[in-house]
>>> print(open('my_file_8.pdb').read())   # PDB, C-alpha atoms, pLDDT in the B column
ATOM      1  CA  MET A   1       0.000   0.000   0.000  1.00 55.00           C
ATOM      2  CA  LYS A   2       2.848   2.306   0.900  1.00 51.00           C
ATOM      3  CA  TRP A   3       4.520   1.512  -2.366  1.00 51.00           C
ATOM      4  CA  ILE A   4       1.421   2.437  -4.289  1.00 55.00           C
ATOM      5  CA  LEU A   5       1.266   5.833  -2.588  1.00 53.00           C
ATOM      6  CA  ILE A   6       4.900   6.491  -3.466  1.00 55.00           C
ATOM      7  CA  LEU A   7       4.248   5.575  -7.071  1.00 54.00           C
ATOM      8  CA  ASP A   8       1.266   7.885  -7.211  1.00 54.00           C
ATOM      9  CA  LEU A   9       3.304  10.743  -5.872  1.00 55.00           C
ATOM     10  CA  VAL A  10       6.007  10.124  -8.452  1.00 51.00           C
ATOM     11  CA  LEU A  11       3.470  10.021 -11.291  1.00 55.00           C
ATOM     12  CA  LEU A  12       1.816  13.149  -9.945  1.00 56.00           C
ATOM     13  CA  HIS A  13       5.110  15.017  -9.919  1.00 53.00           C
ATOM     14  CA  LEU A  14       5.916  13.847 -13.405  1.00 60.00           C
ATOM     15  CA  GLY A  15       2.523  14.983 -14.670  1.00 56.00           C
ATOM     16  CA  VAL A  16       2.818  18.370 -13.048  1.00 51.00           C
ATOM     17  CA  GLY A  17       6.348  18.780 -14.418  1.00 55.00           C
ATOM     18  CA  PHE A  18       5.181  17.867 -17.897  1.00 57.00           C
ATOM     19  CA  LEU A  19       2.375  20.388 -17.769  1.00 57.00           C
ATOM     20  CA  ILE A  20       4.769  23.103 -16.587  1.00 59.00           C
ATOM     21  CA  TYR A  21       7.147  22.305 -19.447  1.00 54.00           C
ATOM     22  CA  LYS A  22       4.411  22.377 -22.058  1.00 57.00           C
ATOM     23  CA  PHE A  23       3.109  25.640 -20.728  1.00 52.00           C
ATOM     24  CA  SER A  24       6.592  27.241 -20.889  1.00 53.00           C
ATOM     25  CA  ILE A  25       7.137  26.074 -24.485  1.00 53.00           C
ATOM     26  CA  PHE A  26       3.770  27.470 -25.526  1.00 48.00           C
ATOM     27  CA  ASN A  27       4.477  30.887 -24.006  1.00 51.00           C
ATOM     28  CA  PHE A  28       7.890  31.078 -25.619  1.00 45.00           C
ATOM     29  CA  GLN A  29       6.533  30.296 -29.047  1.00 51.00           C
ATOM     30  CA  SER A  30       3.653  32.779 -28.696  1.00 51.00           C
ATOM     31  CA  ASN A  31       6.026  35.575 -27.770  1.00 50.00           C
ATOM     32  CA  SER A  32       8.541  34.814 -30.541  1.00 48.00           C
ATOM     33  CA  ASN A  33       6.574  35.186 -33.775  1.00 51.00           C
ATOM     34  CA  VAL A  34       9.505  37.058 -35.456  1.00 46.00           C
ATOM     35  CA  PRO A  35      12.692  35.087 -35.513  1.00 50.00           C
ATOM     36  CA  ILE A  36      15.811  36.834 -34.266  1.00 47.00           C
ATOM     37  CA  TYR A  37      18.853  36.761 -36.452  1.00 48.00           C
ATOM     38  CA  ASN A  38      22.312  38.005 -35.648  1.00 52.00           C
ATOM     39  CA  THR A  39      23.460  40.054 -38.689  1.00 51.00           C
ATOM     40  CA  LYS A  40      26.962  41.251 -39.469  1.00 54.00           C
ATOM     41  CA  THR A  41      27.762  43.812 -42.213  1.00 52.00           C
ATOM     42  CA  GLU A  42      31.051  43.629 -43.947  1.00 54.00           C
ATOM     43  CA  TYR A  43      32.454  46.275 -46.415  1.00 50.00           C
ATOM     44  CA  VAL A  44      34.837  45.086 -49.016  1.00 54.00           C
ATOM     45  CA  ASP A  45      36.835  47.879 -50.736  1.00 56.00           C
ATOM     46  CA  LYS A  46      37.058  46.832 -54.359  1.00 59.00           C
ATOM     47  CA  CYS A  47      38.384  50.296 -55.571  1.00 63.00           C
ATOM     48  CA  GLY A  48      41.906  49.793 -56.797  1.00 66.00           C
ATOM     49  CA  ILE A  49      44.710  52.299 -57.424  1.00 73.00           C
ATOM     50  CA  GLU A  50      43.208  53.596 -60.678  1.00 69.00           C
ATOM     51  CA  CYS A  51      39.836  54.005 -59.042  1.00 69.00           C
ATOM     52  CA  GLN A  52      41.305  55.915 -56.113  1.00 70.00           C
ATOM     53  CA  ARG A  53      43.305  58.127 -58.499  1.00 74.00           C
ATOM     54  CA  TYR A  54      40.135  58.932 -60.477  1.00 70.00           C
ATOM     55  CA  ILE A  55      38.295  59.891 -57.283  1.00 70.00           C
ATOM     56  CA  SER A  56      41.220  62.064 -56.163  1.00 73.00           C
ATOM     57  CA  ASN A  57      41.262  63.884 -59.514  1.00 74.00           C
ATOM     58  CA  LYS A  58      37.531  64.531 -59.369  1.00 69.00           C
ATOM     59  CA  VAL A  59      37.819  65.939 -55.847  1.00 67.00           C
ATOM     60  CA  THR A  60      40.606  68.250 -57.011  1.00 73.00           C
ATOM     61  CA  GLU A  61      38.501  69.439 -59.974  1.00 69.00           C
ATOM     62  CA  LEU A  62      35.524  70.156 -57.741  1.00 66.00           C
ATOM     63  CA  GLN A  63      37.696  72.153 -55.355  1.00 64.00           C
ATOM     64  CA  SER A  64      39.237  74.183 -58.212  1.00 61.00           C
ATOM     65  CA  ASP A  65      35.776  74.929 -59.646  1.00 57.00           C
ATOM     66  CA  LYS A  66      34.669  76.607 -56.476  1.00 56.00           C
ATOM     67  CA  GLU A  67      34.268  80.342 -57.052  1.00 56.00           C
ATOM     68  CA  VAL A  68      36.898  82.306 -55.242  1.00 57.00           C
ATOM     69  CA  PRO A  69      35.276  85.350 -53.620  1.00 62.00           C
ATOM     70  CA  LYS A  70      36.530  88.512 -55.267  1.00 65.00           C
ATOM     71  CA  PRO A  71      37.334  91.524 -53.080  1.00 70.00           C
ATOM     72  CA  THR A  72      34.867  94.360 -53.291  1.00 75.00           C
ATOM     73  CA  PRO A  73      36.477  97.148 -55.352  1.00 73.00           C
ATOM     74  CA  ILE A  74      36.921 100.450 -53.585  1.00 78.00           C
ATOM     75  CA  VAL A  75      35.529 103.267 -55.674  1.00 74.00           C
ATOM     76  CA  LYS A  76      37.429 106.485 -55.131  1.00 73.00           C
ATOM     77  CA  THR A  77      35.929 109.643 -56.519  1.00 76.00           C
ATOM     78  CA  ILE A  78      38.441 112.222 -57.655  1.00 78.00           C
ATOM     79  CA  TYR A  79      37.176 115.705 -58.102  1.00 70.00           C
ATOM     80  CA  GLN A  80      39.245 117.634 -60.572  1.00 75.00           C
ATOM     81  CA  THR A  81      38.940 121.344 -60.811  1.00 77.00           C
ATOM     82  CA  ILE A  82      39.138 122.434 -64.411  1.00 77.00           C
ATOM     83  CA  PRO A  83      40.934 125.767 -64.589  1.00 77.00           C
ATOM     84  CA  LYS A  84      38.999 128.514 -66.246  1.00 79.00           C
ATOM     85  CA  THR A  85      40.382 129.502 -69.616  1.00 87.00           C
ATOM     86  CA  LYS A  86      41.272 133.172 -69.587  1.00 88.00           C
ATOM     87  CA  THR A  87      40.666 135.367 -72.593  1.00 93.00           C
ATOM     88  CA  LYS A  88      42.968 138.145 -73.700  1.00 93.00           C
ATOM     89  CA  SER A  89      41.313 141.413 -74.597  1.00 95.00           C
ATOM     90  CA  ILE A  90      42.614 144.823 -75.730  1.00 96.00           C
ATOM     91  CA  VAL A  91      41.012 148.199 -75.146  1.00 96.00           C
ATOM     92  CA  TYR A  92      42.188 151.448 -76.786  1.00 97.00           C
ATOM     93  CA  VAL A  93      41.812 154.691 -74.858  1.00 97.00           C
ATOM     94  CA  PRO A  94      41.982 157.677 -77.270  1.00 97.00           C
ATOM     95  CA  ILE A  95      44.124 160.690 -76.368  1.00 97.00           C
ATOM     96  CA  PRO A  96      42.649 164.010 -77.525  1.00 96.00           C
ATOM     97  CA  GLY A  97      44.443 166.727 -79.463  1.00 95.00           C
ATOM     98  CA  SER A  98      47.339 167.136 -81.875  1.00 95.00           C
ATOM     99  CA  GLY A  99      50.056 169.702 -82.514  1.00 95.00           C
ATOM    100  CA  SER A 100      53.727 170.446 -83.145  1.00 95.00           C
ATOM    101  CA  VAL A 101      56.738 171.550 -81.093  1.00 94.00           C
ATOM    102  CA  ILE A 102      60.302 172.773 -81.744  1.00 93.00           C
ATOM    103  CA  GLY A 103      62.960 172.228 -79.094  1.00 92.00           C
ATOM    104  CA  ASP A 104      63.233 170.300 -75.823  1.00 94.00           C
ATOM    105  CA  TRP A 105      60.392 168.516 -73.956  1.00 96.00           C
ATOM    106  CA  THR A 106      57.303 170.692 -74.279  1.00 96.00           C
ATOM    107  CA  SER A 107      53.716 169.936 -73.216  1.00 96.00           C
ATOM    108  CA  LEU A 108      51.279 169.826 -76.095  1.00 96.00           C
ATOM    109  CA  ALA A 109      48.142 171.877 -75.436  1.00 94.00           C
ATOM    110  CA  GLY A 110      44.784 170.091 -75.750  1.00 95.00           C
ATOM    111  CA  THR A 111      46.104 166.606 -74.991  1.00 97.00           C
ATOM    112  CA  ASP A 112      45.138 166.397 -71.296  1.00 97.00           C
ATOM    113  CA  PHE A 113      43.228 163.269 -70.136  1.00 97.00           C
ATOM    114  CA  TYR A 114      42.523 161.357 -66.911  1.00 97.00           C
ATOM    115  CA  PHE A 115      43.333 157.711 -66.448  1.00 97.00           C
ATOM    116  CA  ASP A 116      42.987 155.183 -63.573  1.00 97.00           C
ATOM    117  CA  LYS A 117      44.409 151.699 -64.107  1.00 95.00           C
ATOM    118  CA  ALA A 118      42.112 150.303 -61.396  1.00 95.00           C
ATOM    119  CA  ASP A 119      39.228 150.683 -63.862  1.00 96.00           C
ATOM    120  CA  TYR A 120      40.572 147.770 -65.925  1.00 96.00           C
ATOM    121  CA  ASN A 121      40.085 144.346 -64.358  1.00 95.00           C
ATOM    122  CA  GLY A 122      42.767 141.788 -65.243  1.00 94.00           C
ATOM    123  CA  LEU A 123      45.170 144.511 -66.378  1.00 96.00           C
ATOM    124  CA  VAL A 124      48.315 143.066 -67.956  1.00 96.00           C
ATOM    125  CA  GLU A 125      50.021 145.907 -69.814  1.00 96.00           C
ATOM    126  CA  ILE A 126      49.622 149.535 -70.938  1.00 97.00           C
ATOM    127  CA  SER A 127      51.518 151.155 -73.797  1.00 97.00           C
ATOM    128  CA  PHE A 128      51.447 154.544 -75.570  1.00 97.00           C
ATOM    129  CA  GLU A 129      50.871 154.668 -79.333  1.00 97.00           C
ATOM    130  CA  GLY A 130      51.012 157.766 -81.534  1.00 97.00           C
ATOM    131  CA  ASN A 131      51.469 159.035 -85.069  1.00 97.00           C
ATOM    132  CA  LEU A 132      54.646 161.120 -85.182  1.00 95.00           C
ATOM    133  CA  LYS A 133      56.917 162.784 -87.786  1.00 95.00           C
ATOM    134  CA  LEU A 134      59.840 165.203 -88.092  1.00 94.00           C
ATOM    135  CA  PHE A 135      58.721 167.970 -90.458  1.00 87.00           C
ATOM    136  CA  ASN A 136      61.222 169.301 -93.065  1.00 81.00           C
ATOM    137  CA  GLY A 137      64.402 168.182 -91.356  1.00 73.00           C
ATOM    138  CA  ASN A 138      66.893 165.562 -90.326  1.00 83.00           C
ATOM    139  CA  GLY A 139      67.350 164.092 -86.880  1.00 89.00           C
ATOM    140  CA  MET A 140      64.886 162.481 -84.491  1.00 93.00           C
ATOM    141  CA  ALA A 141      61.421 163.321 -83.205  1.00 94.00           C
ATOM    142  CA  TYR A 142      60.330 162.199 -79.688  1.00 96.00           C
ATOM    143  CA  MET A 143      57.071 161.898 -77.731  1.00 97.00           C
ATOM    144  CA  ARG A 144      56.164 160.825 -74.173  1.00 98.00           C
ATOM    145  CA  LEU A 145      53.442 161.094 -71.499  1.00 98.00           C
ATOM    146  CA  PHE A 146      53.697 163.460 -68.558  1.00 98.00           C
ATOM    147  CA  ASP A 147      51.971 162.877 -65.181  1.00 97.00           C
ATOM    148  CA  VAL A 148      50.571 166.317 -64.368  1.00 97.00           C
ATOM    149  CA  THR A 149      49.203 165.150 -60.989  1.00 97.00           C
ATOM    150  CA  HIS A 150      52.640 164.112 -59.693  1.00 96.00           C
ATOM    151  CA  GLY A 151      54.725 166.453 -61.880  1.00 97.00           C
ATOM    152  CA  ILE A 152      56.878 163.701 -63.408  1.00 96.00           C
ATOM    153  CA  ALA A 153      57.349 162.043 -66.775  1.00 97.00           C
ATOM    154  CA  VAL A 154      55.725 158.617 -67.087  1.00 97.00           C
ATOM    155  CA  GLN A 155      58.504 156.057 -67.085  1.00 94.00           C
ATOM    156  CA  SER A 156      58.979 154.039 -70.330  1.00 95.00           C
ATOM    157  CA  SER A 157      56.295 156.058 -72.179  1.00 96.00           C
ATOM    158  CA  ASP A 158      58.698 157.625 -74.719  1.00 96.00           C
ATOM    159  CA  ALA A 159      58.876 156.717 -78.416  1.00 97.00           C
ATOM    160  CA  LYS A 160      60.711 158.213 -81.420  1.00 95.00           C
ATOM    161  CA  THR A 161      60.982 158.333 -85.198  1.00 94.00           C
ATOM    162  CA  ALA A 162      63.224 159.882 -87.874  1.00 93.00           C
ATOM    163  CA  SER A 163      60.526 159.706 -90.551  1.00 93.00           C
ATOM    164  CA  GLN A 164      59.320 162.898 -92.277  1.00 93.00           C
ATOM    165  CA  VAL A 165      56.012 161.116 -92.904  1.00 93.00           C
ATOM    166  CA  SER A 166      53.489 160.542 -90.098  1.00 94.00           C
ATOM    167  CA  THR A 167      54.444 157.121 -88.738  1.00 94.00           C
ATOM    168  CA  PRO A 168      52.908 154.954 -85.968  1.00 96.00           C
ATOM    169  CA  VAL A 169      55.315 154.597 -83.051  1.00 97.00           C
ATOM    170  CA  ASN A 170      54.879 152.631 -79.818  1.00 96.00           C
ATOM    171  CA  SER A 171      56.349 152.913 -76.351  1.00 96.00           C
ATOM    172  CA  GLY A 172      57.289 150.084 -74.031  1.00 94.00           C
ATOM    173  CA  ALA A 173      55.133 148.828 -71.162  1.00 96.00           C
ATOM    174  CA  ILE A 174      54.089 151.787 -68.998  1.00 95.00           C
ATOM    175  CA  ASN A 175      53.910 151.687 -65.219  1.00 89.00           C
ATOM    176  CA  PHE A 176      51.254 154.212 -64.202  1.00 94.00           C
ATOM    177  CA  TRP A 177      50.950 155.338 -60.624  1.00 94.00           C
ATOM    178  CA  SER A 178      47.813 154.203 -58.772  1.00 94.00           C
ATOM    179  CA  GLY A 179      44.793 156.463 -58.638  1.00 96.00           C
ATOM    180  CA  LYS A 180      42.991 158.713 -61.093  1.00 96.00           C
ATOM    181  CA  ASN A 181      45.696 161.033 -62.405  1.00 97.00           C
ATOM    182  CA  LEU A 182      45.903 163.756 -65.066  1.00 98.00           C
ATOM    183  CA  TYR A 183      48.214 163.145 -68.027  1.00 98.00           C
ATOM    184  CA  ARG A 184      49.251 165.007 -71.211  1.00 98.00           C
ATOM    185  CA  VAL A 185      51.514 164.535 -74.241  1.00 98.00           C
ATOM    186  CA  GLN A 186      55.003 166.073 -74.476  1.00 97.00           C
ATOM    187  CA  LEU A 187      57.185 166.370 -77.619  1.00 97.00           C
ATOM    188  CA  LYS A 188      60.890 166.958 -78.280  1.00 95.00           C
ATOM    189  CA  THR A 189      63.341 167.390 -81.164  1.00 93.00           C
ATOM    190  CA  LEU A 190      67.125 167.781 -80.978  1.00 87.00           C
ATOM    191  CA  THR A 191      67.288 169.943 -84.125  1.00 87.00           C
ATOM    192  CA  ALA A 192      65.672 173.162 -85.295  1.00 88.00           C
ATOM    193  CA  ASP A 193      63.069 171.177 -87.163  1.00 90.00           C
ATOM    194  CA  THR A 194      59.472 170.662 -86.058  1.00 94.00           C
ATOM    195  CA  VAL A 195      58.117 167.437 -84.454  1.00 95.00           C
ATOM    196  CA  VAL A 196      54.458 166.859 -85.289  1.00 96.00           C
ATOM    197  CA  PHE A 197      52.023 164.745 -83.233  1.00 97.00           C
ATOM    198  CA  ASP A 198      48.953 163.820 -85.295  1.00 95.00           C
ATOM    199  CA  SER A 199      47.052 161.542 -82.869  1.00 96.00           C
ATOM    200  CA  GLY A 200      47.580 159.137 -79.991  1.00 97.00           C
ATOM    201  CA  LYS A 201      46.002 156.435 -77.779  1.00 97.00           C
ATOM    202  CA  LEU A 202      46.671 154.081 -74.893  1.00 97.00           C
ATOM    203  CA  LYS A 203      46.699 150.360 -75.600  1.00 97.00           C
ATOM    204  CA  VAL A 204      45.360 148.482 -72.550  1.00 97.00           C
ATOM    205  CA  THR A 205      45.828 144.679 -72.524  1.00 97.00           C
ATOM    206  CA  MET A 206      43.744 142.594 -70.111  1.00 96.00           C
ATOM    207  CA  LEU A 207      43.416 138.876 -69.306  1.00 94.00           C
ATOM    208  CA  ASN A 208      40.126 137.627 -67.806  1.00 92.00           C
TER     209      ASN A 208
END
>>> encode(input="my_file_8.pdb", output="structure tokens")
Amino acid sequence: MKWILILDLVLLHLGVGFLIYKFSIFNFQSNSNVPIYNTKTEYVDKCGIECQRYISNKVTELQSDKEVPKPTPIVKTIYQTIPKTKTKSIVYVPIPGSGSVIGDWTSLAGTDFYFDKADYNGLVEISFEGNLKLFNGNGMAYMRLFDVTHGIAVQSSDAKTASQVSTPVNSGAINFWSGKNLYRVQLKTLTADTVVFDSGKLKVTMLN
């Protein structure tokens, strides 16, 4: 009887163990619908020397094709002042009167005039021009301007001729004193012959 009980216990344990095993297998299979695989990726470099050289050349070409940024040019504005072109002009100031003289420097009546060089903007030069002759004689006839206001002869205003026919004669550049002064013509001859003054004028040169 005791043996039978032991056998039953053994069979009971075996049955329970079998049921536990079956239950475990069932749960494992139900939870493992997707099989699990261990994967391993390998990379095999099949690019040889020529292939690597080709790739290197292409990389170099791509780098050389990149646009190199150009520096922004600096624009510098230069303002140039164009000098004004000046124009030369000449004005003639007539001197009144005419007449003749024998002997040393003598003022010629009727030739008085006033002149102020400040009235001429851009003044460059003034000269004395006149028509002069030595009548019936040999020698030299002279003319000049006299500054009545200051009582002196105008420097460099003299001119001369030996012609017995009325001839245009010109003085050098005259340096008038500043201010509005009174002037007149003076004549001279070194012989007993007559010097004749027919007409005269001032030549005023300006640059503006």
>>> residues_around(input="my_file_8.pdb", residues="Leu187 in chain A", least_positions_apart="2", cutoff="9 Å", atoms="only C-alpha atoms", output="VMD selection string")
chain A and resid 100 to 108 141 to 145 185 189 195 to 197
>>> closest_residue(input="my_file_8.pdb", among="A:Asn170, A:Asn121, A:Ser199, A:Thr191", to="Ser156 in chain A", atoms="all atoms listed in the file")
A:Asn170
>>> resolve_selection(input="my_file_8.pdb", expression="the PyMOL selection byres ((chain A and resi 157) around 10)", output="PDB file with C-alpha atoms, keeping the file's coordinate frame")
ATOM      1  CA  ILE A 126      49.622 149.535 -70.938  1.00 97.00           C
ATOM      2  CA  SER A 127      51.518 151.155 -73.797  1.00 97.00           C
ATOM      3  CA  PHE A 128      51.447 154.544 -75.570  1.00 97.00           C
ATOM      4  CA  GLU A 129      50.871 154.668 -79.333  1.00 97.00           C
ATOM      5  CA  MET A 143      57.071 161.898 -77.731  1.00 97.00           C
ATOM      6  CA  ARG A 144      56.164 160.825 -74.173  1.00 98.00           C
ATOM      7  CA  LEU A 145      53.442 161.094 -71.499  1.00 98.00           C
ATOM      8  CA  PHE A 146      53.697 163.460 -68.558  1.00 98.00           C
ATOM      9  CA  ALA A 153      57.349 162.043 -66.775  1.00 97.00           C
ATOM     10  CA  VAL A 154      55.725 158.617 -67.087  1.00 97.00           C
ATOM     11  CA  GLN A 155      58.504 156.057 -67.085  1.00 94.00           C
ATOM     12  CA  SER A 156      58.979 154.039 -70.330  1.00 95.00           C
ATOM     13  CA  ASP A 158      58.698 157.625 -74.719  1.00 96.00           C
ATOM     14  CA  ALA A 159      58.876 156.717 -78.416  1.00 97.00           C
ATOM     15  CA  ASN A 170      54.879 152.631 -79.818  1.00 96.00           C
ATOM     16  CA  SER A 171      56.349 152.913 -76.351  1.00 96.00           C
ATOM     17  CA  GLY A 172      57.289 150.084 -74.031  1.00 94.00           C
ATOM     18  CA  ALA A 173      55.133 148.828 -71.162  1.00 96.00           C
ATOM     19  CA  ILE A 174      54.089 151.787 -68.998  1.00 95.00           C
ATOM     20  CA  ASN A 175      53.910 151.687 -65.219  1.00 89.00           C
ATOM     21  CA  PHE A 176      51.254 154.212 -64.202  1.00 94.00           C
ATOM     22  CA  VAL A 185      51.514 164.535 -74.241  1.00 98.00           C
TER      23      VAL A 185
END
>>> resolve_selection(input="my_file_8.pdb", expression="the PyMOL selection byres ((chain A and resi 96) around 8)", output="list in words")
Pro94, Ile95, Gly97, Ser98, Gly110, Thr111, Asp112, Phe113, Ser199 and Gly200 of chain A
>>> atom_distance(input="my_file_8.pdb", atom1="CA of Thr161 in chain A", atom2="CA of Thr205 in chain A")
24.0 Å
>>> closest_residue(input="my_file_8.pdb", among="A:Gln80, A:Thr167, A:Thr87, A:Thr72", to="Met206 in chain A", atoms="only C-alpha atoms")
A:Thr87
>>> residues_near_point(input="my_file_8.pdb", point="(45.1, 149.2, -64.6)", cutoff="10 Å", atoms="all atoms listed in the file", output="NGL selection string")
:A and (115-126 or 175-179 or 204-206)
>>> write_last_selection(input="my_file_8.pdb", atoms="C-alpha atoms", output="PDB file, keeping the file's coordinate frame")
ATOM      1  CA  PHE A 115      43.333 157.711 -66.448  1.00 97.00           C
ATOM      2  CA  ASP A 116      42.987 155.183 -63.573  1.00 97.00           C
ATOM      3  CA  LYS A 117      44.409 151.699 -64.107  1.00 95.00           C
ATOM      4  CA  ALA A 118      42.112 150.303 -61.396  1.00 95.00           C
ATOM      5  CA  ASP A 119      39.228 150.683 -63.862  1.00 96.00           C
ATOM      6  CA  TYR A 120      40.572 147.770 -65.925  1.00 96.00           C
ATOM      7  CA  ASN A 121      40.085 144.346 -64.358  1.00 95.00           C
ATOM      8  CA  GLY A 122      42.767 141.788 -65.243  1.00 94.00           C
ATOM      9  CA  LEU A 123      45.170 144.511 -66.378  1.00 96.00           C
ATOM     10  CA  VAL A 124      48.315 143.066 -67.956  1.00 96.00           C
ATOM     11  CA  GLU A 125      50.021 145.907 -69.814  1.00 96.00           C
ATOM     12  CA  ILE A 126      49.622 149.535 -70.938  1.00 97.00           C
ATOM     13  CA  ASN A 175      53.910 151.687 -65.219  1.00 89.00           C
ATOM     14  CA  PHE A 176      51.254 154.212 -64.202  1.00 94.00           C
ATOM     15  CA  TRP A 177      50.950 155.338 -60.624  1.00 94.00           C
ATOM     16  CA  SER A 178      47.813 154.203 -58.772  1.00 94.00           C
ATOM     17  CA  GLY A 179      44.793 156.463 -58.638  1.00 96.00           C
ATOM     18  CA  VAL A 204      45.360 148.482 -72.550  1.00 97.00           C
ATOM     19  CA  THR A 205      45.828 144.679 -72.524  1.00 97.00           C
ATOM     20  CA  MET A 206      43.744 142.594 -70.111  1.00 96.00           C
TER      21      MET A 206
END
>>> atom_distance(input="my_file_8.pdb", atom1="CA of Thr149 in chain A", atom2="CA of Val93 in chain A")
18.9 Å
>>> atom_distance(input="my_file_8.pdb", atom1="CA of Tyr114 in chain A", atom2="CA of Lys88 in chain A")
24.2 Å
>>> closest_residue(input="my_file_8.pdb", among="A:Leu202, A:Val91, A:Leu190, A:Ile74", to="Met140 in chain A", atoms="all atoms listed in the file")
A:Leu190
>>> decode(input="my_file_8.pdb", residues="range 76-104 of chain A", atoms="C-alpha atoms", output="short mmCIF file (atom, residue, chain, number, x, y, z; two decimals), in the first residue's frame")
data_model
loop_
_atom_site.label_atom_id
_atom_site.label_comp_id
_atom_site.auth_asym_id
_atom_site.auth_seq_id
_atom_site.Cartn_x
_atom_site.Cartn_y
_atom_site.Cartn_z
CA LYS A 76 37.43 106.48 -55.13
CA THR A 77 35.93 109.64 -56.52
CA ILE A 78 38.44 112.22 -57.65
CA TYR A 79 37.18 115.71 -58.10
CA GLN A 80 39.24 117.63 -60.57
CA THR A 81 38.94 121.34 -60.81
CA ILE A 82 39.14 122.43 -64.41
CA PRO A 83 40.93 125.77 -64.59
CA LYS A 84 39.00 128.51 -66.25
CA THR A 85 40.38 129.50 -69.62
CA LYS A 86 41.27 133.17 -69.59
CA THR A 87 40.67 135.37 -72.59
CA LYS A 88 42.97 138.14 -73.70
CA SER A 89 41.31 141.41 -74.60
CA ILE A 90 42.61 144.82 -75.73
CA VAL A 91 41.01 148.20 -75.15
CA TYR A 92 42.19 151.45 -76.79
CA VAL A 93 41.81 154.69 -74.86
CA PRO A 94 41.98 157.68 -77.27
CA ILE A 95 44.12 160.69 -76.37
CA PRO A 96 42.65 164.01 -77.52
CA GLY A 97 44.44 166.73 -79.46
CA SER A 98 47.34 167.14 -81.88
CA GLY A 99 50.06 169.70 -82.51
CA SER A 100 53.73 170.45 -83.14
CA VAL A 101 56.74 171.55 -81.09
CA ILE A 102 60.30 172.77 -81.74
CA GLY A 103 62.96 172.23 -79.09
CA ASP A 104 63.23 170.30 -75.82
#
